[in-house]
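Asks: Pasting a structure below so you can have a look.
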Amino acid sequence: MRTALDVLYRLAQALAATCLVAIAGLVVLQVLFRIVDGARKAFGLDPVGLLVPSLAEICGFLLVGASFLALAATLRRGDHIRVSLMLQHMPAGLARIFEVWCLLVAVSLAAYFTWYSGGQAYDSYKYNEVSIGIIPIPLVWPQIVMTLGLVVFTIALLDDLVTALSGRKPSYELAVKGEAWEGGE
Amino acid sequence: ETKWDMPTPYGDSNFHTQNIMTFAEDVAAKTNGSLSIQVHSAGSLFKHPEIKNAVRKGLAPIGELLISRLSNEDPVFGVDSVPFLANSYDSSFKLYQASKPIMEEKLEAQGLKLLYTVPWPPQGIYTKKDVNSIDDLKGLKFRAYNTSTERLAQLAGAVPTQVEVADLPTAFSTGRVEAMITSPSTGADSKAWDYLDHYYDAQAWLPKNMVIVNADAFNALSAEEQAAVMEAAAAAETRGWEASKVETDAKTKVLVDNGITVAVPSEALQNGLKEIGDVMTAEWAESAGEDGAAIVKAFMD
Amino acid sequence: MDLSLVAFFLGLGMLAALATGIWVGVALFGVALVAMMTLVSAPTGPVLATTVWGAANSWDLTALPMFIWMGEILFRSRLSEDMFAGLSPWMRNLPGRLLHVNILGCGIFAAVSGSSAATTATIGKMSLPELKRRGYDEAMAIGTLAGSGTLGLLIPPSIILIVYGAATEQSISRLFMAGVLPGAMLCVLFMGYVVLWSMLNRSRMPEAEAPVPFFERVKATRRLVPVIGLIAGVIGSIYAGLAAPTEAAAIGVLLALILSFFSGTLTRQNFTDALLGATRTSCMIAFILAGAAFLTVAMGYTGIPRELAGWIGSLGLSPLQLLAALTVFFVVLGCFLDGISVVVLTTSVILPMVEQAGLDLIWFGIYLVLVVEMSQITPPVGFNLFVLQGMTGHNIFRVARMALPFFLLMVLAVALIVAFPQIALWLPENMLSN
Ligand code: NA
Ligand code: NA
């Protein structure tokens, strides 16, 4: 079970990173096309007019993938921003109660959001919603990716909630923190 | 008392938005305040791409959008953007009447009710250099933002180029784009004289904005309120079409006053554009199937 | 219930949620959800999904992860070390020495990036570790960065000026030009403060380095070539017409990868670490932005910002009083909403007042950006604070305290452009004459 969950989080993160690579790749390709056309013009040739169709829209969709698929991994690495000032200065027992409270709020919100995000994807499918640019892209695809990212996020929050309830430290508390100036707080 | 939130895409000084403000006041007056409309302009509640769905899902009972944004969904919504099919206010109104029943039917299938439409001023060609014939467009980087503008650029032998609206000044200044087709309003509002020199009043097409209402929200109104909304909508349509004509002259004058060379296309250019228009009308009618044929037939009669 | 009371309780709720340790993004979603469910009749769940989809699916936003990725690559190359080594012999006589790198670095990078979070993240990733290693004062290093990161919004290109220009139908090229001199002025103010501070706090500055002979200095300067090449490449790609400002960010990634390859630091491990680091940092920011977008729409439905702005309009103030009131209003609102949301939510109500007061709309755009910049460094919702908490591990309130002097300098900058509107208007009026 543990291994399966960890693989899930890592897989989602890898897909998110792939989305970023794809954005960079497509944009660089578009710029290369402009350079090719510019060079042809300089030599008196007709421009080819190469373009990456619907570049802006596709990159927007890829960004949705990058942002949502990484939610779980970002949580577990402790990279989502919170102010844990009070938590660190209260007795351990009380801090644990607050930790559970935070996770409860987050998991209910994430579940709520997942449900309606799924509803939105289904609606786009039912009404055959498409993007408006040169290539009509069915919106259901990026919206499914957004929903899947939220599903994995909800699972990760549940995972940590169970951990916190059983008295252990949640994943983000154990993560190696980024290099702080004097060891952070 | 009912309060409707109304998302609209354009800023407060835009003539569409101002017409909507009057429409909202009209509705409040006609219903003695039992129905009030709060306009959220400039995409401040929902942005342009989200407005149709927001109204369809009842997140906002009423909203405004550019009709041809839906042309990938159904070619019928693209009829007012077929180049040189209807290129004057009169023929544009005729085309609107010809396409209205089918458009209403398509919207109704999504639980939407069409209240009224208002056209933008006729679309003309903006360029950095002189254009006297179709050949002068050849090789120019021409702004394309959907299938129809891409096709137009291709047929003109220009290079279709994707540029986002906010990026236009930078794109023109740095040479990433050299020509675009849009209305005198958009040109004047975006201060086109900061980055280009020529405007050709080609009257290519008159795209329309539409105001739509969620059918459930509309049906929930009392009979008197419904009548008041329809009356105000009819008035807004008449007012809007007139305002659009005024806008065309006013904004063309703004272009002239700010040093843009405004001209009617030469005969050679006009003929070249007409040929492209014929090709695209045929292509559009084919893509729109029976609906398209019916609209063209009703329009030509 | 009175709307201002509602606003007060929502603000209090947000602070309470944050104090109990709830993640910033979650707190924004939570507060917005409560506001929607209690005050608005529109269906909350679908509004949530639609809004977040609309905000997350954004072309302009793609520049942010690209720039963050670029910063992560450079951080793992020797480039930042080289840059500091090349600059240090030249700056040893200027009080404040390498602290100025933060300000100038942000100022130059702002000419590429339209967002303040991207500016802060990219420059900070390179400069903070170097400044730390060289023994500079932490509060000053972080404070200068938080403050000058906001230049991303003022120096063109700027996302917020585009939003303002579109909403008010002002020329974007004029707005961009109007931002240049105030941006430079802000740089000078920040650098002046660093000079003063370092003369008054000599004990908190690291030991001065031994004087370097002129020839050695020139030799060290060669180490600046890669970073200058990178910046020139990215800015150049925009002005040569090869890339849109949004696209230039991806060019930055490509150039950073090339530099990293030639400096021999582009290992498989470094590549993966940089990419995953960028993925998570961008995700953190996107999650908060999504929450902020939902809160913005919730506020749009409740009409609270509109109501408050309308109330200011009803006071019948003189132009100066109006500007003072608006500044306070924007700063308070900017504590809880992000800057662009503040502009979007209030322009409709505020613009007529501004026009009536006879203020120039281009000038007002620059004023607005300056005020909105402040909101980037005011807690609890300030994006530069989030970036810096992510980078340093210090909580946002502590970072905000370090940034406070720079906040006050921005207040001074606002006063200066009110007193001398030509700082903003001279360039657009004289560069574009027709
Ligand atoms: Na900038
Ligand atoms: Na703030």
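Convention: chains lettered A, B, ... in structure tokens order; per-chain residue numbering from 1; ligands numbered from 1 as shown.
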Could you find all residues in region 63-140 of chain A that DSSP calls alpha helix (DSSP H) from the backbone, and write them as a short mmCIF file (atom, residue, chain, number, x, y, z; two decimals) with all heavy atoms, in the first residue's frame?
Replies:
data_model
loop_
_atom_site.label_atom_id
_atom_site.label_comp_id
_atom_site.auth_asym_id
_atom_site.auth_seq_id
_atom_site.Cartn_x
_atom_site.Cartn_y
_atom_site.Cartn_z
N LEU A 63 -0.14 23.99 -18.65
CA LEU A 63 0.11 24.61 -17.35
C LEU A 63 -0.87 24.08 -16.30
O LEU A 63 -0.50 23.86 -15.14
CB LEU A 63 0.00 26.13 -17.45
CG LEU A 63 0.30 26.89 -16.16
CD1 LEU A 63 1.74 26.69 -15.74
CD2 LEU A 63 0.00 28.38 -16.30
N VAL A 64 -2.12 23.86 -16.71
CA VAL A 64 -3.09 23.26 -15.79
C VAL A 64 -2.58 21.90 -15.33
O VAL A 64 -2.58 21.59 -14.13
CB VAL A 64 -4.47 23.10 -16.47
CG1 VAL A 64 -5.41 22.29 -15.62
CG2 VAL A 64 -5.07 24.47 -16.75
N GLY A 65 -2.09 21.10 -16.29
CA GLY A 65 -1.53 19.80 -15.93
C GLY A 65 -0.37 19.95 -14.96
O GLY A 65 -0.31 19.27 -13.92
N ALA A 66 0.56 20.85 -15.28
CA ALA A 66 1.73 21.04 -14.43
C ALA A 66 1.33 21.45 -13.02
O ALA A 66 1.85 20.95 -12.03
CB ALA A 66 2.66 22.08 -15.05
N SER A 67 0.36 22.37 -12.93
CA SER A 67 -0.01 22.91 -11.62
C SER A 67 -0.74 21.87 -10.78
O SER A 67 -0.46 21.71 -9.59
CB SER A 67 -0.91 24.13 -11.77
OG SER A 67 -0.29 25.09 -12.57
N PHE A 68 -1.69 21.14 -11.36
CA PHE A 68 -2.54 20.28 -10.55
C PHE A 68 -1.91 18.92 -10.27
O PHE A 68 -2.07 18.38 -9.18
CB PHE A 68 -3.92 20.14 -11.20
CG PHE A 68 -4.77 21.35 -10.94
CD1 PHE A 68 -4.67 22.47 -11.73
CD2 PHE A 68 -5.64 21.38 -9.86
CE1 PHE A 68 -5.42 23.61 -11.48
CE2 PHE A 68 -6.40 22.51 -9.60
CZ PHE A 68 -6.29 23.62 -10.41
N LEU A 69 -1.18 18.36 -11.25
CA LEU A 69 -0.59 17.04 -11.02
C LEU A 69 0.51 17.11 -9.96
O LEU A 69 0.85 16.10 -9.34
CB LEU A 69 -0.05 16.47 -12.33
CG LEU A 69 -1.13 16.05 -13.33
CD1 LEU A 69 -0.51 15.74 -14.68
CD2 LEU A 69 -1.91 14.85 -12.81
N LEU A 71 0.36 18.88 -7.18
CA LEU A 71 -0.16 19.28 -5.87
C LEU A 71 0.28 18.33 -4.75
O LEU A 71 0.74 18.76 -3.68
CB LEU A 71 -1.68 19.36 -5.90
CG LEU A 71 -2.27 20.63 -6.51
CD1 LEU A 71 -3.77 20.50 -6.70
CD2 LEU A 71 -1.96 21.84 -5.64
N ALA A 72 0.15 17.02 -5.00
CA ALA A 72 0.45 16.05 -3.95
C ALA A 72 1.93 16.06 -3.58
O ALA A 72 2.29 16.13 -2.40
CB ALA A 72 0.01 14.66 -4.39
N ALA A 73 2.79 16.01 -4.60
CA ALA A 73 4.23 16.00 -4.35
C ALA A 73 4.66 17.26 -3.62
O ALA A 73 5.51 17.23 -2.72
CB ALA A 73 4.98 15.86 -5.66
N THR A 74 4.06 18.40 -4.00
CA THR A 74 4.40 19.67 -3.36
C THR A 74 4.01 19.64 -1.89
O THR A 74 4.74 20.11 -1.02
CB THR A 74 3.70 20.83 -4.09
OG1 THR A 74 3.99 20.73 -5.48
CG2 THR A 74 4.17 22.17 -3.58
N LEU A 75 2.86 19.04 -1.60
CA LEU A 75 2.42 18.89 -0.21
C LEU A 75 3.41 18.07 0.59
O LEU A 75 3.87 18.46 1.65
CB LEU A 75 1.04 18.22 -0.16
CG LEU A 75 0.57 17.82 1.24
CD1 LEU A 75 0.00 19.05 1.95
CD2 LEU A 75 -0.44 16.70 1.20
N ARG A 76 3.78 16.92 0.03
CA ARG A 76 4.61 15.98 0.79
C ARG A 76 6.02 16.48 0.99
O ARG A 76 6.67 16.12 1.96
CB ARG A 76 4.60 14.61 0.10
CG ARG A 76 3.21 13.96 0.14
CD ARG A 76 3.19 12.59 -0.46
NE ARG A 76 3.93 11.61 0.33
CZ ARG A 76 3.44 11.00 1.41
NH1 ARG A 76 2.24 11.29 1.84
NH2 ARG A 76 4.17 10.10 2.05
N LEU A 85 4.10 29.00 12.75
CA LEU A 85 4.69 29.67 13.91
C LEU A 85 4.05 29.20 15.22
O LEU A 85 4.73 28.80 16.17
CB LEU A 85 4.46 31.18 13.74
CG LEU A 85 5.33 32.11 14.57
CD1 LEU A 85 6.79 31.86 14.24
CD2 LEU A 85 4.96 33.55 14.27
N MET A 86 2.70 29.24 15.27
CA MET A 86 2.00 28.88 16.50
C MET A 86 2.17 27.40 16.82
O MET A 86 2.36 27.02 17.97
CB MET A 86 0.51 29.23 16.37
CG MET A 86 0.08 30.30 17.34
SD MET A 86 -1.59 30.88 17.00
CE MET A 86 -2.58 29.47 17.43
N LEU A 87 2.08 26.59 15.76
CA LEU A 87 2.19 25.15 15.95
C LEU A 87 3.50 24.75 16.62
O LEU A 87 3.57 23.81 17.41
CB LEU A 87 2.07 24.43 14.60
CG LEU A 87 0.72 23.82 14.24
CD1 LEU A 87 -0.36 24.88 14.26
CD2 LEU A 87 0.78 23.17 12.88
N GLN A 88 4.56 25.51 16.28
CA GLN A 88 5.88 25.14 16.80
C GLN A 88 6.06 25.56 18.25
O GLN A 88 6.96 25.08 18.93
CB GLN A 88 6.97 25.79 15.93
CG GLN A 88 7.16 25.03 14.63
CD GLN A 88 7.85 25.87 13.59
OE1 GLN A 88 8.07 27.06 13.76
NE2 GLN A 88 8.19 25.23 12.48
N ALA A 92 3.23 19.59 22.45
CA ALA A 92 3.15 18.61 21.37
C ALA A 92 1.72 18.06 21.19
O ALA A 92 1.25 17.92 20.06
CB ALA A 92 4.12 17.46 21.63
N GLY A 93 1.04 17.79 22.29
CA GLY A 93 -0.30 17.22 22.21
C GLY A 93 -1.26 18.15 21.48
O GLY A 93 -1.98 17.76 20.57
N LEU A 94 -1.21 19.43 21.88
CA LEU A 94 -2.09 20.43 21.30
C LEU A 94 -1.76 20.63 19.82
O LEU A 94 -2.65 20.73 18.96
CB LEU A 94 -1.93 21.75 22.07
CG LEU A 94 -3.02 22.79 21.85
CD1 LEU A 94 -4.37 22.26 22.29
CD2 LEU A 94 -2.67 24.08 22.61
N ALA A 95 -0.45 20.67 19.53
CA ALA A 95 -0.01 20.87 18.15
C ALA A 95 -0.56 19.75 17.27
O ALA A 95 -0.93 19.99 16.11
CB ALA A 95 1.51 20.90 18.08
N ARG A 96 -0.62 18.54 17.84
CA ARG A 96 -1.12 17.42 17.04
C ARG A 96 -2.60 17.61 16.72
O ARG A 96 -3.05 17.32 15.62
CB ARG A 96 -0.91 16.11 17.79
CG ARG A 96 -0.22 15.09 16.91
CD ARG A 96 -0.01 13.78 17.62
NE ARG A 96 -1.24 13.08 17.88
CZ ARG A 96 -1.35 12.12 18.82
NH1 ARG A 96 -0.33 11.82 19.57
NH2 ARG A 96 -2.50 11.52 18.99
N ILE A 97 -3.34 18.12 17.69
CA ILE A 97 -4.77 18.38 17.43
C ILE A 97 -4.92 19.40 16.30
O ILE A 97 -5.75 19.23 15.40
CB ILE A 97 -5.46 18.88 18.73
CG1 ILE A 97 -5.43 17.75 19.76
CG2 ILE A 97 -6.89 19.34 18.45
CD1 ILE A 97 -5.96 18.15 21.12
N PHE A 98 -4.11 20.45 16.34
CA PHE A 98 -4.19 21.47 15.29
C PHE A 98 -3.77 20.90 13.94
O PHE A 98 -4.35 21.24 12.90
CB PHE A 98 -3.33 22.69 15.65
CG PHE A 98 -4.09 23.72 16.45
CD1 PHE A 98 -3.87 23.86 17.81
CD2 PHE A 98 -5.03 24.52 15.85
CE1 PHE A 98 -4.60 24.78 18.55
CE2 PHE A 98 -5.75 25.45 16.57
CZ PHE A 98 -5.54 25.58 17.94
N GLU A 99 -2.77 20.03 13.96
CA GLU A 99 -2.32 19.41 12.71
C GLU A 99 -3.49 18.63 12.09
O GLU A 99 -3.74 18.72 10.88
CB GLU A 99 -1.16 18.46 13.03
CG GLU A 99 -0.31 18.07 11.84
CD GLU A 99 0.38 19.26 11.20
OE1 GLU A 99 1.33 19.79 11.80
OE2 GLU A 99 -0.04 19.66 10.09
N VAL A 100 -4.22 17.88 12.94
CA VAL A 100 -5.37 17.11 12.44
C VAL A 100 -6.44 18.06 11.90
O VAL A 100 -7.04 17.82 10.86
CB VAL A 100 -5.93 16.21 13.56
CG1 VAL A 100 -7.28 15.63 13.15
CG2 VAL A 100 -4.96 15.10 13.89
N TRP A 101 -6.65 19.18 12.60
CA TRP A 101 -7.62 20.18 12.17
C TRP A 101 -7.27 20.72 10.79
O TRP A 101 -8.11 20.78 9.89
CB TRP A 101 -7.71 21.28 13.24
CG TRP A 101 -7.94 22.69 12.74
CD1 TRP A 101 -7.02 23.67 12.64
CD2 TRP A 101 -9.19 23.26 12.30
NE1 TRP A 101 -7.59 24.83 12.17
CE2 TRP A 101 -8.93 24.61 11.94
CE3 TRP A 101 -10.48 22.77 12.16
CZ2 TRP A 101 -9.91 25.46 11.47
CZ3 TRP A 101 -11.46 23.64 11.67
CH2 TRP A 101 -11.17 24.96 11.34
N CYS A 102 -6.00 21.08 10.59
CA CYS A 102 -5.56 21.60 9.30
C CYS A 102 -5.82 20.57 8.20
O CYS A 102 -6.34 20.90 7.12
CB CYS A 102 -4.06 21.90 9.31
SG CYS A 102 -3.64 23.31 10.32
N LEU A 103 -5.45 19.32 8.47
CA LEU A 103 -5.61 18.28 7.46
C LEU A 103 -7.09 18.01 7.18
O LEU A 103 -7.47 17.77 6.04
CB LEU A 103 -4.90 17.01 7.90
CG LEU A 103 -3.39 17.06 7.68
CD1 LEU A 103 -2.66 16.00 8.49
CD2 LEU A 103 -3.07 16.90 6.19
N LEU A 104 -7.91 18.07 8.23
CA LEU A 104 -9.35 17.86 8.04
C LEU A 104 -9.94 18.93 7.13
O LEU A 104 -10.69 18.63 6.19
CB LEU A 104 -10.07 17.90 9.40
CG LEU A 104 -10.31 16.55 10.08
CD1 LEU A 104 -10.97 16.76 11.44
CD2 LEU A 104 -11.19 15.65 9.20
N VAL A 105 -9.59 20.19 7.42
CA VAL A 105 -10.09 21.29 6.57
C VAL A 105 -9.63 21.08 5.13
O VAL A 105 -10.42 21.14 4.18
CB VAL A 105 -9.58 22.66 7.10
CG1 VAL A 105 -9.88 23.76 6.10
CG2 VAL A 105 -10.20 22.97 8.44
N ALA A 106 -8.31 20.80 4.98
CA ALA A 106 -7.75 20.67 3.63
C ALA A 106 -8.37 19.51 2.88
O ALA A 106 -8.71 19.62 1.70
CB ALA A 106 -6.23 20.51 3.71
N VAL A 107 -8.55 18.37 3.56
CA VAL A 107 -9.05 17.19 2.86
C VAL A 107 -10.51 17.40 2.47
O VAL A 107 -10.93 17.00 1.37
CB VAL A 107 -8.81 15.91 3.70
CG1 VAL A 107 -9.95 15.63 4.64
CG2 VAL A 107 -8.60 14.73 2.78
N SER A 108 -11.30 18.06 3.31
CA SER A 108 -12.71 18.26 2.93
C SER A 108 -12.79 19.22 1.74
O SER A 108 -13.57 19.00 0.81
CB SER A 108 -13.58 18.78 4.08
OG SER A 108 -12.85 19.01 5.23
N LEU A 109 -11.97 20.30 1.80
CA LEU A 109 -11.97 21.22 0.66
C LEU A 109 -11.52 20.54 -0.62
O LEU A 109 -12.13 20.71 -1.68
CB LEU A 109 -11.02 22.38 0.97
CG LEU A 109 -11.70 23.68 1.31
CD1 LEU A 109 -10.71 24.62 1.97
CD2 LEU A 109 -12.27 24.31 0.05
N ALA A 110 -10.46 19.76 -0.51
CA ALA A 110 -9.92 19.10 -1.70
C ALA A 110 -10.96 18.13 -2.28
O ALA A 110 -11.14 18.06 -3.50
CB ALA A 110 -8.62 18.37 -1.37
N ALA A 111 -11.65 17.40 -1.42
CA ALA A 111 -12.65 16.45 -1.89
C ALA A 111 -13.80 17.19 -2.58
O ALA A 111 -14.27 16.80 -3.65
CB ALA A 111 -13.17 15.61 -0.72
N TYR A 112 -14.25 18.28 -1.95
CA TYR A 112 -15.32 19.11 -2.52
C TYR A 112 -14.93 19.61 -3.90
O TYR A 112 -15.68 19.51 -4.87
CB TYR A 112 -15.56 20.28 -1.56
CG TYR A 112 -16.63 21.26 -1.96
CD1 TYR A 112 -17.96 21.04 -1.62
CD2 TYR A 112 -16.31 22.43 -2.65
CE1 TYR A 112 -18.95 21.96 -1.97
CE2 TYR A 112 -17.29 23.34 -3.00
CZ TYR A 112 -18.61 23.10 -2.66
OH TYR A 112 -19.58 24.01 -2.99
N PHE A 113 -13.70 20.13 -3.98
CA PHE A 113 -13.17 20.69 -5.21
C PHE A 113 -13.07 19.59 -6.28
O PHE A 113 -13.45 19.78 -7.44
CB PHE A 113 -11.81 21.30 -4.92
CG PHE A 113 -11.25 22.19 -5.99
CD1 PHE A 113 -10.03 22.84 -5.78
CD2 PHE A 113 -11.91 22.40 -7.19
CE1 PHE A 113 -9.50 23.66 -6.76
CE2 PHE A 113 -11.38 23.22 -8.16
CZ PHE A 113 -10.16 23.84 -7.95
N THR A 114 -12.57 18.42 -5.88
CA THR A 114 -12.43 17.30 -6.82
C THR A 114 -13.77 16.95 -7.44
O THR A 114 -13.90 16.77 -8.66
CB THR A 114 -11.88 16.06 -6.09
OG1 THR A 114 -10.71 16.42 -5.38
CG2 THR A 114 -11.55 14.95 -7.07
N TRP A 115 -14.79 16.88 -6.61
CA TRP A 115 -16.14 16.52 -7.06
C TRP A 115 -16.63 17.49 -8.13
O TRP A 115 -17.09 17.09 -9.20
CB TRP A 115 -17.08 16.48 -5.86
CG TRP A 115 -18.51 16.28 -6.24
CD1 TRP A 115 -19.49 17.22 -6.29
CD2 TRP A 115 -19.13 15.04 -6.65
NE1 TRP A 115 -20.68 16.68 -6.70
CE2 TRP A 115 -20.48 15.32 -6.93
CE3 TRP A 115 -18.66 13.74 -6.81
CZ2 TRP A 115 -21.38 14.35 -7.36
CZ3 TRP A 115 -19.55 12.77 -7.24
CH2 TRP A 115 -20.90 13.07 -7.51
N TYR A 116 -16.50 18.78 -7.84
CA TYR A 116 -17.01 19.76 -8.79
C TYR A 116 -16.12 19.90 -10.02
O TYR A 116 -16.59 20.24 -11.10
CB TYR A 116 -17.25 21.11 -8.10
CG TYR A 116 -18.52 21.07 -7.31
CD1 TYR A 116 -18.50 20.88 -5.94
CD2 TYR A 116 -19.76 21.12 -7.95
CE1 TYR A 116 -19.68 20.79 -5.21
CE2 TYR A 116 -20.94 21.02 -7.24
CZ TYR A 116 -20.89 20.87 -5.87
OH TYR A 116 -22.06 20.77 -5.17
N SER A 117 -14.83 19.65 -9.85
CA SER A 117 -13.94 19.66 -11.01
C SER A 117 -14.31 18.52 -11.95
O SER A 117 -14.35 18.68 -13.17
CB SER A 117 -12.49 19.55 -10.54
OG SER A 117 -11.65 19.38 -11.65
N GLY A 118 -14.60 17.36 -11.36
CA GLY A 118 -15.07 16.22 -12.15
C GLY A 118 -16.37 16.57 -12.86
O GLY A 118 -16.57 16.27 -14.04
N GLY A 119 -17.26 17.24 -12.15
CA GLY A 119 -18.54 17.65 -12.73
C GLY A 119 -18.32 18.57 -13.92
O GLY A 119 -18.99 18.45 -14.95
N GLN A 120 -17.34 19.46 -13.79
CA GLN A 120 -17.06 20.39 -14.89
C GLN A 120 -16.55 19.63 -16.11
O GLN A 120 -16.96 19.92 -17.24
CB GLN A 120 -16.01 21.40 -14.42
CG GLN A 120 -15.44 22.24 -15.54
CD GLN A 120 -14.61 23.39 -15.02
OE1 GLN A 120 -15.06 24.52 -14.92
NE2 GLN A 120 -13.37 23.08 -14.66
N ALA A 121 -15.65 18.65 -15.89
CA ALA A 121 -15.12 17.87 -17.01
C ALA A 121 -16.27 17.12 -17.69
O ALA A 121 -16.36 17.10 -18.92
CB ALA A 121 -14.05 16.90 -16.50
N TYR A 122 -17.15 16.52 -16.89
CA TYR A 122 -18.27 15.77 -17.45
C TYR A 122 -19.18 16.69 -18.27
O TYR A 122 -19.62 16.35 -19.36
CB TYR A 122 -19.06 15.08 -16.34
CG TYR A 122 -20.30 14.38 -16.87
CD1 TYR A 122 -20.19 13.25 -17.68
CD2 TYR A 122 -21.58 14.87 -16.60
CE1 TYR A 122 -21.30 12.63 -18.20
CE2 TYR A 122 -22.72 14.26 -17.12
CZ TYR A 122 -22.57 13.14 -17.92
OH TYR A 122 -23.68 12.53 -18.44
N ASP A 123 -19.43 17.88 -17.72
CA ASP A 123 -20.27 18.86 -18.41
C ASP A 123 -19.65 19.26 -19.77
O ASP A 123 -20.35 19.35 -20.77
CB ASP A 123 -20.42 20.09 -17.50
CG ASP A 123 -21.24 21.18 -18.14
OD1 ASP A 123 -20.65 21.99 -18.89
OD2 ASP A 123 -22.45 21.22 -17.91
N SER A 124 -18.33 19.49 -19.77
CA SER A 124 -17.67 19.86 -21.02
C SER A 124 -17.77 18.74 -22.04
O SER A 124 -17.87 18.98 -23.24
CB SER A 124 -16.19 20.17 -20.77
OG SER A 124 -16.07 21.29 -19.97
N TYR A 125 -17.73 17.49 -21.53
CA TYR A 125 -17.86 16.33 -22.41
C TYR A 125 -19.28 16.28 -22.98
O TYR A 125 -19.50 16.12 -24.17
CB TYR A 125 -17.54 15.07 -21.61
CG TYR A 125 -17.95 13.79 -22.28
CD1 TYR A 125 -17.24 13.29 -23.37
CD2 TYR A 125 -19.06 13.08 -21.82
CE1 TYR A 125 -17.63 12.12 -23.99
CE2 TYR A 125 -19.46 11.91 -22.43
CZ TYR A 125 -18.74 11.43 -23.52
OH TYR A 125 -19.13 10.27 -24.13
N LYS A 126 -20.27 16.47 -22.08
CA LYS A 126 -21.67 16.37 -22.49
C LYS A 126 -22.03 17.43 -23.53
O LYS A 126 -22.73 17.17 -24.50
CB LYS A 126 -22.56 16.52 -21.25
CG LYS A 126 -23.92 15.87 -21.41
CD LYS A 126 -24.69 15.83 -20.09
CE LYS A 126 -25.25 17.18 -19.74
NZ LYS A 126 -26.05 17.16 -18.49
N VAL A 140 -12.65 18.77 -22.29
CA VAL A 140 -12.76 17.69 -21.31
C VAL A 140 -11.38 17.11 -20.98
O VAL A 140 -11.12 16.75 -19.83
CB VAL A 140 -13.74 16.60 -21.79
CG1 VAL A 140 -13.34 16.03 -23.12
CG2 VAL A 140 -13.85 15.49 -20.77
#
Asks: I want to know what sits within 7 Å of region 53-69 of chain B, based on only C-alpha atoms, with residues of the same chain fewer than 2 positions away left out; could you give that as a list of chain:residue names?
Replies: A:Ile132, B:Trp4, B:Asp5, B:Met6, B:Pro7, B:Thr8, B:Pro9, B:His48, B:Glu50, B:Ile51, B:Ser71, B:Phe77, B:Gly78, B:Ser81, B:Gln110, B:Gly111, B:Leu112, B:Lys208, B:Asn209, B:Met210, B:Val211, B:Ile212, B:Val213, B:Asn214, B:Ala217, C:Ala42, C:Pro43, C:Val47
Asks: Sorted by chain and rising residue number, list the residues of chain C at most 9 Å from ligand 2 (counting only C-alpha atoms and all ligand atoms), each with its closest atom pair and distance in Å to one decimal, as a tab-separated table.
Replies:
residue	atom	partner	partner_atom_place_in_ligand_line	distance
C:Val331	CA	ligand 2	1 (Na)	7.6
C:Val332	CA	ligand 2	1 (Na)	8.2
C:Leu333	CA	ligand 2	1 (Na)	7.8
C:Gly334	CA	ligand 2	1 (Na)	4.6
C:Cys335	CA	ligand 2	1 (Na)	3.5
C:Phe336	CA	ligand 2	1 (Na)	5.8
C:Leu337	CA	ligand 2	1 (Na)	6.6
C:Asp338	CA	ligand 2	1 (Na)	6.3
C:Gly339	CA	ligand 2	1 (Na)	7.6
C:Val372	CA	ligand 2	1 (Na)	8.4
C:Glu373	CA	ligand 2	1 (Na)	8.7
C:Met374	CA	ligand 2	1 (Na)	7.0
C:Ser375	CA	ligand 2	1 (Na)	3.6
C:Gln376	CA	ligand 2	1 (Na)	4.9
C:Ile377	CA	ligand 2	1 (Na)	5.6
C:Thr378	CA	ligand 2	1 (Na)	3.8
C:Pro379	CA	ligand 2	1 (Na)	5.1
C:Pro380	CA	ligand 2	1 (Na)	6.1
C:Val381	CA	ligand 2	1 (Na)	4.3
C:Gly382	CA	ligand 2	1 (Na)	3.8
C:Phe383	CA	ligand 2	1 (Na)	7.3
C:Asn384	CA	ligand 2	1 (Na)	8.9
C:Leu385	CA	ligand 2	1 (Na)	8.5
Asks: What is the distance between CA of Cys283 (chain C) and CA of Asn57 (chain C), in Å to one decimal?
Replies: 13.1 Å
Asks: Could you list, as a list in words, every residue within 6 Å of Gly143 (chain C), counting only C-alpha atoms and ignoring same-chain residues fewer than 4 positions away?
Replies: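 Here the answer would be Ala139, Met402 and Ala403 of chain C.
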Asks: Should the cut-off be 9 Å, what would the residue list for chain B against chain C look like, counting only C-alpha atoms, as a ChimeraX atom specification?
Replies: /B:5,10-14,40-47,49-50,53-54,57-60,163,166-167,169-177,189-195,258-259
Asks: Using only C-alpha atoms, which protein or nucleic acid residues come within 8 Å of region 87-92 of chain C? Drop anything in the same chain fewer than 3 positions from it, and give the result as a PyMOL selection string.
Replies: chain C and resi 83-84+95+97-98+208-209+211-212+217+220-221+224
Asks: Between chain B and chain A, at 7 Å or less, what are the per-residue closest atom pairs and their distances in Å? Count only C-alpha atoms, order by chain and rising residue number, and return it as a Markdown table.
Replies:
| residue | atom | partner | partner_atom | distance |
| --- | --- | --- | --- | --- |
| B:Arg69 | CA | A:Ile132 | CA | 5.9 |
| B:Leu70 | CA | A:Ile132 | CA | 6.9 |
| B:Asn72 | CA | A:Ile132 | CA | 5.8 |
| B:Glu73 | CA | A:Val130 | CA | 6.1 |
| B:Gly139 | CA | A:Pro47 | CA | 6.3 |
| B:Tyr145 | CA | A:Gly133 | CA | 6.0 |
| B:Asn146 | CA | A:Gly133 | CA | 4.4 |
| B:Thr147 | CA | A:Ile134 | CA | 4.6 |
| B:Val159 | CA | A:Gly49 | CA | 5.0 |
| B:Pro160 | CA | A:Gly49 | CA | 6.6 |
